[in-house]
Amino acid sequence: MGPFPFLSEEWIEAATKLQAEFAGRASKPSLQMKMNLVVTGVPFGDGTEDAHLDTTTGELVVNRGHVEDPDLKVTLDYETAKAILVEQDQQVGMQAFMAGRIRIEGDMSKLLALQAAPPDPVHAEIASRVKEFTA
């Protein structure tokens with residue numbers, strides 16, 4: 001399978017299948033949060049991808065579109081999103097934030113708590129698999 005360009009229709013389909021494959025296997029998130037994401041500068045489609053992260057069901061759910069009443073909204077560019085979400089490079093994220101390329105609206109403490117949470121081995125496996133099908 002793949003490799004597919006990050007956030008392409010094929011990539012999203014592969015990521016959705018992977019999320020379904022691992023459903024219920026990760027530890028329960030210690031933090032309940034709804035976060036909307038806006039990725040700008042996407043090199044295809046209309047140039048923007050809206051997504052969300054939601055842990056309020058007791059699972060980490062990532063999907064397209066936005067949720068109502070989010071705790072925060074994060075806007076970032078395509079390359080930064082790929083570095084953080086696919087390559088798991090948090091240093092790039094910190095540099096982008098300091099340079100103003102990541103904008104956060106809402107409860108930033110929830111984002112900081114999410115980043116400080118101990119890594120889950122299942123999430124590490126998912127991240128490894130995502131790298132395999134990302135161009």
# chains A, B, ... in the order shown; residues from 1 in each chain; ligands from 1

call {"tool": "select_by_dssp", "arguments": {"residues": "chain A", "states": "strand (DSSP E or B)", "output": "ChimeraX atom specification"}}
result
/A:4,34-40,48-54,61-64,72-77,102-106,134

call {"tool": "residues_around", "arguments": {"residues": "Ala81 (chain A)", "least_positions_apart": "3", "cutoff": "12 Å", "atoms": "only C-alpha atoms", "output": "MDAnalysis selection string"}}
result
chainID A and resid 6:7 37:42 48:51 74:78 84:90 92:94 96:97 101:102

call {"tool": "select_by_dssp", "arguments": {"residues": "chain A", "states": "helix (DSSP H, G or I)", "output": "number ranges by chain"}}
result
A: 9-21, 78-85, 90-98, 108-116, 121-132

call {"tool": "atom_distance", "arguments": {"atom1": "CA of Leu60 (chain A)", "atom2": "CA of Gln95 (chain A)"}}
result
25.4 Å

call {"tool": "residues_around", "arguments": {"residues": "Ser128 (chain A)", "least_positions_apart": "3", "cutoff": "12 Å", "atoms": "only C-alpha atoms", "output": "list of chain:residue names"}}
result
A:Ala15, A:Leu18, A:Leu85, A:Val86, A:Glu87, A:Gln88, A:Pro121, A:Val122, A:His123, A:Ala124, A:Glu125, A:Lys131, A:Glu132, A:Phe133, A:Thr134

call {"tool": "write_last_selection", "arguments": {"atoms": "C-alpha atoms", "output": "compact mmCIF listing (two decimals), in the first residue's frame"}}
result
# COMPACT_ATOMS: atom_id res chain seq x y z
CA ALA A 15 -5.21 6.18 7.82
CA LEU A 18 -5.47 1.81 10.23
CA LEU A 85 1.79 13.99 12.72
CA VAL A 86 3.75 11.61 10.48
CA GLU A 87 7.40 12.04 11.39
CA GLN A 88 6.56 12.59 15.10
CA PRO A 121 2.95 1.65 22.57
CA VAL A 122 -0.12 1.20 20.36
CA HIS A 123 0.07 4.82 19.21
CA ALA A 124 3.78 4.30 18.49
CA GLU A 125 2.88 1.30 16.30
CA LYS A 131 5.14 6.44 7.99
CA GLU A 132 5.12 3.33 5.79
CA PHE A 133 2.33 4.61 3.54
CA THR A 134 3.23 8.31 3.52

call {"tool": "residues_around", "arguments": {"residues": "Pro29 (chain A)", "least_positions_apart": "2", "cutoff": "10 Å", "atoms": "only C-alpha atoms", "output": "short mmCIF file (atom, residue, chain, number, x, y, z; two decimals) with C-alpha atoms, in the first residue's frame"}}
result
data_model
loop_
_atom_site.label_atom_id
_atom_site.label_comp_id
_atom_site.auth_asym_id
_atom_site.auth_seq_id
_atom_site.Cartn_x
_atom_site.Cartn_y
_atom_site.Cartn_z
CA ALA A 26 -4.72 1.70 22.98
CA SER A 27 -4.91 2.78 26.58
CA LEU A 31 -7.42 13.80 29.03
CA GLN A 32 -10.82 14.54 27.56
CA MET A 33 -10.46 17.03 24.74
CA ASP A 54 -11.52 13.91 19.97
CA THR A 55 -10.84 11.89 23.13
CA THR A 56 -14.23 12.41 24.81
CA THR A 57 -15.42 8.89 23.91
CA GLY A 58 -12.51 7.30 25.81
CA GLU A 59 -10.61 6.62 22.56
CA LEU A 60 -8.37 8.85 20.47
CA LEU A 114 -1.74 16.02 25.59
CA ALA A 117 1.07 12.40 28.36
CA PRO A 118 3.19 9.23 28.43
CA ASP A 120 1.27 4.63 24.32
#

call {"tool": "closest_residue", "arguments": {"among": "A:Arg103, A:Gly65, A:Leu112, A:Ser8", "to": "Thr80 (chain A)", "atoms": "only C-alpha atoms"}}
result
A:Arg103
